[in-house]
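Notes for the one structure printed next.
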Amino acid sequence: MKKKAAAALILILSVMLVIAGCGNNGNSNNAESKSKNTETKKETEAVSGASEASYTPYDQLKDKYDIIIVGAGGAGMSAALEAKAKGLNPVILEKMPVAGGNTSKSSSGMNASQTKFQKEQGIEDSNDLFYEETLKGGHGTNDKEMLRFFVDNSASAIDWLDSIGIRLNNITITGGMKEKRTHRPEDGSAVGQYLVKGLVKNVQEKGIPLFVNADVKEITEKDGKVNGVKVLFNQADEKTITGSAVIVTTGGFGANKEMIAEVRPDLEGLVTTNQIGSTGDGIKMIEKLGGTTVDMDQIQVHPTVQQEKSYLIGEAVRGEGALLVSSEGKRFVNEMDTRDHVTAAINKLPEKAAILVFDSGVRSRVKAIEQYDKMGFVLKGDSIEALAKEMGVPADQLKTTVDTWNTAVKNKKDAEFGRTTGMDHDLSGAPFYAIKIGPGIHYTMGGVKINTNTEVLNKEGQPITGLFAAGEVVGGLHGQNRIGGNSVAEIIIFGRQAGIKSAEFVQAQ
């Protein structure tokens, strides 16, 4: 009996130790974390990525690193992995309780041209076509040098991800594109959390320190050269960390109502799909160092956002065949047009809202719909008429709309709106589904100005020594409108470049 009691006591103590270790990322003396349970839960839900237990304990923090990376989204982690591969010692500092940022919320996929997966699947594509369609989507206002680098390095980014166990070989299409080049996980699921999980795993395996609840407040400089950051840990403990280079990958400002109102007062009142940490911190810090910005008033409103929970309904749903209908049960737009055009069409409707309609085939091809269903967004009907009742639209009109569409798919000609993509399958597989949507603030095209080496530029167009940036914190690439699937490509392509070029800079010192 004594042996059994002792064993039970050991088991209980072990469980208590595990729980204690997981409670606050392994950080010691985190007295404030318990008092912020509600806030942390909200933040964790907003940026759900890896488990909190996966992050570096605070007591392992050093005073100096070769490269300091501010922000643990896709760009930041890609930069860290490339810097580490170059033999340097990077650190990642993330202000939120979990890694991932807006990357975790990405849904549709990652655009890339001339990839090995496209070739395997017989998809004929070219970098030039990708360039031309992105330039057209941005109304010709994209930074052409950045765009050229972007498309020409997209296939190698897909290869690089595959080499580290992140395979994106399920290919679909997004609005504004003529070819299938939006790469998704093999099972067709949302790209974001899959990408974040894979990047965090690689960061851990390479021994790269990743600290969360680490809010960088200032980028420091000395003698005209960036030399570190001031960071607040757990909203209480301020540290100054030095580094030979700093990479800013803090994302955009889509969750900062004040910044948005300043540049786009017309967007006041719209919901936002952004995680709550997207507040433009990096832009503000870089401006204080003399960095300049571009396209700050270019803010993308996504046409398909579930309004009650501000949740993005990914473009892949339309790319796999879904329709948009009005409250009258009628189509009103080419669903695969660019986001700005689709948004404008929705805003012309009396209710400034619409409904996505799709069948079981679309649902099987877009795994993200399972998550939408779990969140209570998806209406269901065993027939089109039954679905119309759930939607509150005229059944005869919705049936006519779907029948007309199915004929268009069969004839490969959409006489109503000229849609040419996302027409591989008709909508005939019962049961049928619908999701009510409206426009929401989604992406800030504007940000700091960089060159193709990801060096941050000042007002004279010269690099700020030792300062690099990548991802949504940067402006210029997308011009006045971003094509769906290009943001994930941007964070990987330019995140990698930031890691490589900052490493070369440090090694040349």
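Lettering and numbering for the structure tokens are positional, with chains as A, B, ... in the shown order, residues counted from 1 in each chain, and ligands counted from 1 in the shown order.
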
Near-A:Ala395 list (8 Å; only C-alpha atoms; drop same-chain fewer than 2 positions) as a VMD selection string: chain A and resid 329 384 to 386 388 to 389 393 397 to 399

As a count of residues only, which residues of stretch 59-297 of chain A does DSSP assign to alpha helix (DSSP H)? 77

Non-local contacts of A:Glu221 (12 Å; only C-alpha atoms; under 5 positions in same chain excluded) as a PyMOL selection string: chain A and resi 226-230+240-246+285-286+288-290+464-467

How close does stretch 286-354 of chain A get to stretch 104-124 of chain A? List, as CSV, each residue of stretch 286-354 of chain A within 6 Å, its nearest atom pair and the distance in Å to one decimal, counting only C-alpha atoms.
```
residue,atom,partner,partner_atom,distance
A:Gly314,CA,A:Ser107,CA,5.2
A:Glu315,CA,A:Ser108,CA,5.7
A:Ala316,CA,A:Ser108,CA,5.0
```

Show which residues sit within 10 Å of stretch 175-183 of chain A, as a ChimeraX atom specification. Count only C-alpha atoms, and ignore same-chain residues fewer than 2 positions away. /A:108-115,117-118,123-126,129-130,132-134,136-137,158,167-173,185-186,188,191,315-316,318-319,334-339,341-342,420-422,482-486,488-489
